[in-house]
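Scroll down for the structure; my scribbles are underneath it.
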Amino acid sequence: MQKNYQTSPKFVHNLWTTNEDGEHYLRFTGGLYEVEQGDAQDFYKIRGYCTGHNTIADIAKKTNVPVQRIEEMVTSLSDIGMLRNKKKPHNEDILEKTIQACEMWAEQVEETHLFNKFLYGDTHRNVLTGFFIETWHYIKAFPDIINVAIKNTDNPELQSVLMTYKLQETGHESFILETLIKLGMKQEEVENAIPLVSTLNLINMMKALFITHPSTVFLIAKVIESHDFDEAEVKNAIQDINSHYDLQPGTLEPFFKHSQIDYELGHSRLLDDHLHLVTLANMEETSFILNALHDIKHAIDLQCLEIEEYYSKEGNYIPRQRVDYFGI
Ligand SMILES: [Fe+2]
């Protein structure tokens with residue numbers, strides 16, 4: 001039976017953020033909205049119960065927000081198209097909607113990423129080192145991740161595009177190694193390190209998706225590859241991070257050089273350039289892929305959290321060490 005989300009509210013994917021000036025924003029595929037503080041705060045109170053399993057009366061009871069106030073919020077969010085609606089409009093393009101979701105998640109990854117903390121010196125110096133160590137692991141693993149997709153498709157065009165992407169990414173961890181060496185790490189210690197569990201998880205989640213849906217490499221690229229490279233912005237970032245963490249000049253340049261190279265290779269445009277290779281058979285398959293992409297977005301968030309937690313805790317090995325037979 002079709003659920004009535006007006007009476008048991010459930011919304012489409014929505015993210016609420018607050019900027020440095022205390023302004024609240026709501027972002028969903030329908031757009032970006034500035035929200036009054038009081039409205040945002042009231043919505044936070046009810047948001048967790050808007051799963052489609054609670055009636056407005058249930059939510060009122062669980063949160064102490066009056067029924068009338070909840071109805072008011074549901075109506076205004078419904079007016080801007082945020083209420084979940086299981087009827088697909090005839091002219092709606094499944095792929096177009098999937099791309100919108102990727103763009104939204106790309107934006108969110110950028111906004112909430114740990115890297116932003118380095119710009120303000122908001123976290124421990126070892127976290128900076130840890131971030132580059134985990135990035136090194138991830139970039140080193142990336143050609144292998146793409147290879148899973150190559151091995152699981154028999155479309156020669158897809159194989160060929162993915163092979164080019166794989167070759168372009170091969171060896172890119174050397175840029176990160178250069179940064180790590182400037183940060184005082186030895187090549188040998190980096191190469192013998194073991195990734196954090198969240199980094200391994202991210203790698204494995206991507207591989208798992210690419211086994212069954214090889215063309216989603218392009219969707220992932222849309223979420224993770226940087227879609228602009230502004231030299232002036234990078235110069236400022238380097239200056240700020242150098243001064244917060246007292247880095248020697250030239251430490252961050254190799255890291256940003258890598259971003260520039262990937263940007264110039266057009267990795268963030270892989271999806272736009274190869275739309276015809278992304279086949280979304282039906283709504284069910286698309287939903288499976290969207291859920292997997294959303295999980296991977298959260299795996300990135302989780303990796304940021306673990307990097308900060310692990311590398312700021314005194315006594316944890318820097319970098320993480322492998323446990324072998326003689327270590328037991
Ligand atoms: Fe790269």
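The chains in the structure tokens are called A, B, ... from first to last as shown; in each chain the residues are counted from 1, and the ligands are counted from 1 in the order shown.
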Using only C-alpha atoms, which protein or nucleic acid residues come within 12 Å of range 88-103 of chain A? Drop anything in the same chain fewer than 6 positions from it, and give the result as an NGL selection string. :A and (12-15 or 27-31 or 109-110 or 216-227 or 268-269 or 271-272 or 275-294 or 296-297)
Residues within 9 Å of ligand 1, counting only C-alpha atoms and all ligand atoms: report them as a compact mmCIF listing (two decimals) with C-alpha atoms, in the first residue's frame.
```
# COMPACT_ATOMS: atom_id res chain seq x y z
CA ILE A 139 45.44 6.49 -4.07
CA PHE A 142 42.77 3.10 -6.66
CA GLN A 168 46.29 7.67 -15.46
CA GLU A 169 45.91 7.02 -11.74
CA THR A 170 48.72 4.47 -11.53
CA GLY A 171 51.67 5.76 -9.54
CA HIS A 172 49.89 8.90 -8.34
CA GLU A 173 50.60 7.99 -4.71
CA GLU A 225 37.19 13.82 -8.06
CA HIS A 258 48.25 15.75 -7.93
CA SER A 259 44.83 17.42 -7.64
CA ILE A 261 46.87 16.76 -12.72
CA ASP A 262 43.68 14.77 -12.05
CA TYR A 263 41.61 17.87 -12.69
CA HIS A 267 38.45 12.91 -14.08
```
Could you give me, as JSON lines, a per-residue list for range 80-158 of chain A showing, wherever an atom lies at most 12 Å from an atom of range 245-257 of chain A, the closest pair of atoms and their distance in Å to one decimal, using only C-alpha atoms and sorting by chain then residue number from low to high?
```
{"residue": "A:Lys117", "atom": "CA", "partner": "A:Tyr245", "partner_atom": "CA", "distance": 11.6}
{"residue": "A:Phe118", "atom": "CA", "partner": "A:Tyr245", "partner_atom": "CA", "distance": 8.5}
{"residue": "A:Leu119", "atom": "CA", "partner": "A:Tyr245", "partner_atom": "CA", "distance": 9.8}
{"residue": "A:Tyr120", "atom": "CA", "partner": "A:Tyr245", "partner_atom": "CA", "distance": 9.9}
{"residue": "A:Gly121", "atom": "CA", "partner": "A:Tyr245", "partner_atom": "CA", "distance": 7.0}
{"residue": "A:Asp122", "atom": "CA", "partner": "A:Tyr245", "partner_atom": "CA", "distance": 10.1}
{"residue": "A:Thr123", "atom": "CA", "partner": "A:Tyr245", "partner_atom": "CA", "distance": 9.6}
{"residue": "A:His124", "atom": "CA", "partner": "A:Tyr245", "partner_atom": "CA", "distance": 8.6}
{"residue": "A:Arg125", "atom": "CA", "partner": "A:Tyr245", "partner_atom": "CA", "distance": 6.2}
{"residue": "A:Asn126", "atom": "CA", "partner": "A:Tyr245", "partner_atom": "CA", "distance": 9.8}
{"residue": "A:Val127", "atom": "CA", "partner": "A:Tyr245", "partner_atom": "CA", "distance": 10.8}
{"residue": "A:Leu128", "atom": "CA", "partner": "A:Tyr245", "partner_atom": "CA", "distance": 8.8}
{"residue": "A:Thr129", "atom": "CA", "partner": "A:Tyr245", "partner_atom": "CA", "distance": 10.6}
{"residue": "A:Phe131", "atom": "CA", "partner": "A:Phe255", "partner_atom": "CA", "distance": 11.3}
{"residue": "A:Phe132", "atom": "CA", "partner": "A:Phe255", "partner_atom": "CA", "distance": 8.5}
{"residue": "A:Ile133", "atom": "CA", "partner": "A:Phe255", "partner_atom": "CA", "distance": 11.6}
{"residue": "A:Thr135", "atom": "CA", "partner": "A:Phe255", "partner_atom": "CA", "distance": 9.7}
{"residue": "A:Trp136", "atom": "CA", "partner": "A:Phe255", "partner_atom": "CA", "distance": 10.0}
{"residue": "A:Ile139", "atom": "CA", "partner": "A:Phe255", "partner_atom": "CA", "distance": 11.4}
```
Output as number ranges by chain all residues of range 53-140 of chain A that backbone DSSP marks as alpha helix (DSSP H). A: 56-63, 67-79, 94-112, 115-119, 125-140
Could you go through range 19-222 of chain A and tell me which residues DSSP, when run on the backbone, assigns to strand (DSSP E), listing them as number ranges by chain? A: 24-28, 31-35
Output C-alpha atoms of each residue in that selection to a file, as a PDB file, in the first residue's frame.
```pdb
ATOM      1  CA  HIS A  24      21.401  27.565   8.496  1.00  0.00           C
ATOM      2  CA  TYR A  25      21.109  25.942   5.084  1.00  0.00           C
ATOM      3  CA  LEU A  26      19.040  23.097   3.752  1.00  0.00           C
ATOM      4  CA  ARG A  27      20.286  21.219   0.691  1.00  0.00           C
ATOM      5  CA  PHE A  28      18.419  18.561  -1.240  1.00  0.00           C
ATOM      6  CA  GLY A  31      17.994  23.143  -4.336  1.00  0.00           C
ATOM      7  CA  LEU A  32      19.709  25.104  -1.579  1.00  0.00           C
ATOM      8  CA  TYR A  33      17.574  27.044   0.907  1.00  0.00           C
ATOM      9  CA  GLU A  34      18.524  29.393   3.703  1.00  0.00           C
ATOM     10  CA  VAL A  35      16.452  28.553   6.789  1.00  0.00           C
TER      11      VAL A  35
END
```
Which one of A:Lys61, A:Arg69, A:Arg322, A:His113 sits closest to Ile307 in chain A if you count only C-alpha atoms? A:His113
